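Read the structure below first, then the notes.
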Amino acid sequence: PFQATQLWNGIIRALHSQLEIKRRRQHLKTYKNCFTGSNAVDVVLSHLMQSMYLSCNDISRLKGVRVCQALMDHKVFEPVGAKLYLFKNGKETEFEDTDTSLYRFVNGNLDPPLQGKNEDNENLSPEQVCKQKTKRSDKKKVEELLRSICVHASLPPKTVVKEPIHLLSKRVIEDVWKQQTLLRLLQLIDIPLLEDILVSSVKTKPGCFGKEEDLVIPNTFLDREVTCGLNLPELDRWLYAAVECLEYFPDQFIVMVSQQLPQSTDEPSNLNTYKKILFDIITKYYSQKKESLLAAQDLHVHSGIIELIEKGKTDQALEALQLYLKLLAPNIREELHRLLAFLAIASESEGYRLQKQFENRLVIIKTCTKFILQNRTLSKPQAELLTQFLMDNHSELFKTPLTLLELTSRRLESLLEGQDPDINSGFTFCQRITPQEYEDQKQQTNQYLLALIQEMDNDPTVPLKQKKKLI
């Protein structure tokens, strides 16, 4: 009655059609045909909401992570890198909802493990019967997981799950995502001009490895020098985060690192030398860049978010930042993500001490704010406040808000059903009032204006010429 198999198949098809699969680099190594853990969770949640008409209050991101864990356990996809070794050796691997965890489909196989089987076991050997029972047991576990999502959403167990129809082009889906992102952003902050956001002010950099045609750093000796010299498997969080940032640097900076690093990290003094060299290289690279990672043209967005932070509306500020970052070019988002992760770790007091006189956090904020945001219109305290907020919330910034997933799913569903999406956008920017309420408000406005004029006219401190100008 629940049709778990149908929903399971739909989830897998949605992953294959909607995931951003491309060549990615991690720890100075390149992996082909990969996608990130957070991207997989976004697609799963969007599919579940679209298929079952769930609201954002009915399904949590944790549920999406559990579904992805089940998909990985059933060999739909597998982790990439060091975790793949554990996965293939039968050790339990936990699915991670992050932009740094990489996964790829197993052999490109689209066939899910939950296909309907013939229940007649007469012609099967005992070993085959045992295997079939095991598969049915796995199927029951997944059915229970998917059923728990429906129960959590107060959906009747016998509801027939509607099979999604993939009739929309990728261009249409991308346009809907951008439209809904902008509409939701406009609800949270006031943006007087949309031109700079509609036509993204952040262009994709040439030579970044985010593109399919991008190549690895050509000098393989440099890769070996850095990775072998750093003894990557034993690196602490600080050094891992620093090496992640280096992947966006040009060759001359990698050469600089390889020439300065000591040969061994066994001694604590050498380890601190590594950290000092890497921190100096990172700050030197970003100090030489003419533009900050967040474009100056998006000042109105930055100002609106800072205003929310100053008023203590941190939840709204976090969602507004999540929406704004989705509008940036993918390579800029990834570079910013890595830099913020490094700055957050480097700012911890128990880590490597950057300066003896000041705490790490103060040094990072004073030194690195200009790397992220440079705008003469914003005061220095405002820019530093935004940088501090970005660092404190770097692990949540690059996830898709559930509200946006819900709104986008509804819009795509209306397009599939042939409805006019412009009739009801799902957003309300004004409220309908009665004619009497309008007249009352109009009279109140006139009274307030008259009182203001009289107050200015009776003010002896204001010159007559200034009074006329103000009135």
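In the structure tokens, chains take letters A, B, ... by order of appearance, with residues numbered from 1 within each chain and ligands from 1 in the order shown.
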
Which of segment 6-37 of chain A DSSP labels alpha helix (DSSP H), written as JSON, numbers by chain:
{"A": [6, 7, 8, 9, 10, 11, 12, 13, 14, 15, 16, 17, 18, 37]}

Neighbouring residues of segment 308-320 of chain A were defined as those with any atom within 7 Å, considering only C-alpha atoms; residues of the same chain fewer than 2 positions away were excluded. Please report them as a list in words.
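With the cut-off at 7 Å, the set is Leu185, Leu188, Gly304, Ile305, Ile306, Gln322, Leu323, Tyr324, Leu397 and Pro401 of chain A.
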
Next, dump the selected residues to file, keeping only N, CA and C atoms, as a CSV table (one decimal), in the first residue's frame.
chain,number,residue,atom,x,y,z
A,185,LEU,N,14.8,35.7,-0.8
A,185,LEU,CA,15.7,36.6,-0.3
A,185,LEU,C,15.1,38.0,-0.2
A,188,LEU,N,13.3,38.4,3.1
A,188,LEU,CA,14.1,38.6,4.3
A,188,LEU,C,14.8,39.9,4.4
A,304,GLY,N,21.9,44.4,4.1
A,304,GLY,CA,20.7,43.9,4.6
A,304,GLY,C,20.9,42.8,5.6
A,305,ILE,N,21.9,41.9,5.3
A,305,ILE,CA,22.3,40.8,6.2
A,305,ILE,C,22.9,41.3,7.4
A,306,ILE,N,23.8,42.3,7.3
A,306,ILE,CA,24.4,42.9,8.5
A,306,ILE,C,23.4,43.5,9.4
A,322,GLN,N,22.6,31.9,3.1
A,322,GLN,CA,22.4,30.7,2.4
A,322,GLN,C,21.9,30.9,1.0
A,323,LEU,N,20.8,31.8,0.9
A,323,LEU,CA,20.2,32.1,-0.3
A,323,LEU,C,21.2,32.9,-1.2
A,324,TYR,N,21.8,33.9,-0.6
A,324,TYR,CA,22.8,34.7,-1.4
A,324,TYR,C,23.9,33.9,-2.0
A,397,LEU,N,26.4,27.3,6.2
A,397,LEU,CA,26.1,28.3,5.2
A,397,LEU,C,25.8,27.8,3.8
A,401,PRO,N,18.3,25.9,2.3
A,401,PRO,CA,17.3,26.1,3.3
A,401,PRO,C,16.1,25.2,3.0

Would you kindly return, as a VMD selection string, each protein, DNA or RNA residue with an atom no farther than 8 Å from any atom of Ile277 of chain A, considering only C-alpha atoms and excluding same-chain residues fewer than 2 positions away?
chain A and resid 257 260 to 261 273 to 275 279 to 281

Please produce a file of the residues just selected, as an mmCIF file, in the first residue's frame, where the atoms kept are N, CA, C and O atoms.
data_model
loop_
_atom_site.group_PDB
_atom_site.id
_atom_site.type_symbol
_atom_site.label_atom_id
_atom_site.label_comp_id
_atom_site.auth_asym_id
_atom_site.auth_seq_id
_atom_site.Cartn_x
_atom_site.Cartn_y
_atom_site.Cartn_z
ATOM 1 N N VAL A 257 55.487 27.097 -1.436
ATOM 2 C CA VAL A 257 55.243 26.231 -0.284
ATOM 3 C C VAL A 257 56.243 25.090 -0.257
ATOM 4 O O VAL A 257 56.870 24.797 0.772
ATOM 5 N N GLN A 260 59.750 25.996 0.936
ATOM 6 C CA GLN A 260 59.919 26.469 2.303
ATOM 7 C C GLN A 260 59.648 25.404 3.357
ATOM 8 O O GLN A 260 60.144 25.497 4.481
ATOM 9 N N LEU A 261 58.875 24.367 3.010
ATOM 10 C CA LEU A 261 58.474 23.389 4.015
ATOM 11 C C LEU A 261 59.650 22.517 4.433
ATOM 12 O O LEU A 261 60.435 22.072 3.594
ATOM 13 N N THR A 273 56.175 25.192 12.164
ATOM 14 C CA THR A 273 56.755 25.865 10.995
ATOM 15 C C THR A 273 55.863 25.683 9.775
ATOM 16 O O THR A 273 55.645 26.624 9.004
ATOM 17 N N TYR A 274 55.355 24.458 9.602
ATOM 18 C CA TYR A 274 54.396 24.199 8.524
ATOM 19 C C TYR A 274 53.227 25.175 8.607
ATOM 20 O O TYR A 274 52.827 25.805 7.613
ATOM 21 N N LYS A 275 52.674 25.288 9.795
ATOM 22 C CA LYS A 275 51.472 26.111 9.962
ATOM 23 C C LYS A 275 51.762 27.578 9.696
ATOM 24 O O LYS A 275 50.952 28.278 9.058
ATOM 25 N N PHE A 279 49.978 29.588 6.664
ATOM 26 C CA PHE A 279 49.163 30.766 6.973
ATOM 27 C C PHE A 279 49.694 31.996 6.237
ATOM 28 O O PHE A 279 48.919 32.778 5.671
ATOM 29 N N ASP A 280 51.017 32.168 6.213
ATOM 30 C CA ASP A 280 51.608 33.312 5.514
ATOM 31 C C ASP A 280 51.337 33.252 4.012
ATOM 32 O O ASP A 280 51.042 34.275 3.380
ATOM 33 N N ILE A 281 51.418 32.049 3.432
ATOM 34 C CA ILE A 281 51.157 31.898 1.990
ATOM 35 C C ILE A 281 49.702 32.228 1.673
ATOM 36 O O ILE A 281 49.401 32.928 0.698
#

Selected residue, from A:Gln436, A:Asp298, A:His337, A:Tyr248, that lies nearest to Ile191 of chain A when counting only C-alpha atoms:
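Nearest candidate to Ile191 of chain A out of A:Gln436, A:Asp298, A:His337, A:Tyr248: A:Asp298.
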
Write out as an mmCIF file with N, CA and C atoms, in the first residue's frame which residues come within 10 Å of Arg61 of chain A when counting only C-alpha atoms, dropping same-chain ones fewer than 5 positions away.
data_model
loop_
_atom_site.group_PDB
_atom_site.id
_atom_site.type_symbol
_atom_site.label_atom_id
_atom_site.label_comp_id
_atom_site.auth_asym_id
_atom_site.auth_seq_id
_atom_site.Cartn_x
_atom_site.Cartn_y
_atom_site.Cartn_z
ATOM 1 N N SER A 38 26.166 17.096 0.530
ATOM 2 C CA SER A 38 25.092 18.075 0.738
ATOM 3 C C SER A 38 24.216 18.204 -0.503
ATOM 4 N N VAL A 41 21.722 15.331 -0.459
ATOM 5 C CA VAL A 41 20.636 15.552 0.503
ATOM 6 C C VAL A 41 19.637 16.563 -0.048
ATOM 7 N N ASP A 42 20.132 17.615 -0.702
ATOM 8 C CA ASP A 42 19.243 18.614 -1.303
ATOM 9 C C ASP A 42 18.308 17.967 -2.321
ATOM 10 N N VAL A 44 17.442 14.753 -2.624
ATOM 11 C CA VAL A 44 16.522 13.809 -1.977
ATOM 12 C C VAL A 44 15.373 14.557 -1.313
ATOM 13 N N LEU A 45 15.665 15.615 -0.565
ATOM 14 C CA LEU A 45 14.615 16.380 0.110
ATOM 15 C C LEU A 45 13.676 17.031 -0.901
ATOM 16 N N CYS A 56 7.820 22.203 4.807
ATOM 17 C CA CYS A 56 9.157 22.243 5.384
ATOM 18 C C CYS A 56 9.136 21.881 6.867
ATOM 19 N N ARG A 66 19.356 10.293 6.451
ATOM 20 C CA ARG A 66 19.091 8.871 6.690
ATOM 21 C C ARG A 66 18.770 8.143 5.387
ATOM 22 N N VAL A 67 18.028 8.806 4.506
ATOM 23 C CA VAL A 67 17.721 8.191 3.203
ATOM 24 C C VAL A 67 19.014 8.005 2.400
ATOM 25 N N ASP A 97 26.776 14.910 5.382
ATOM 26 C CA ASP A 97 26.040 15.983 4.713
ATOM 27 C C ASP A 97 26.916 17.234 4.646
ATOM 28 N N LYS A 399 24.399 24.933 2.907
ATOM 29 C CA LYS A 399 23.276 24.008 2.795
ATOM 30 C C LYS A 399 22.056 24.765 2.279
ATOM 31 N N THR A 400 21.185 24.051 1.583
ATOM 32 C CA THR A 400 19.990 24.682 1.025
ATOM 33 C C THR A 400 18.902 24.763 2.090
ATOM 34 N N PRO A 401 18.328 25.949 2.329
ATOM 35 C CA PRO A 401 17.254 26.063 3.327
ATOM 36 C C PRO A 401 16.054 25.198 2.952
ATOM 37 N N LEU A 402 15.434 24.574 3.945
ATOM 38 C CA LEU A 402 14.268 23.726 3.669
ATOM 39 C C LEU A 402 13.114 24.542 3.091
#

May I have the residues within 12 Å of Leu362 of chain A as a PyMOL selection string, using only C-alpha atoms and disregarding those fewer than 5 positions away in the same chain?
chain A and resi 343-344+346-349+353-357+367-369+384-385+387-388
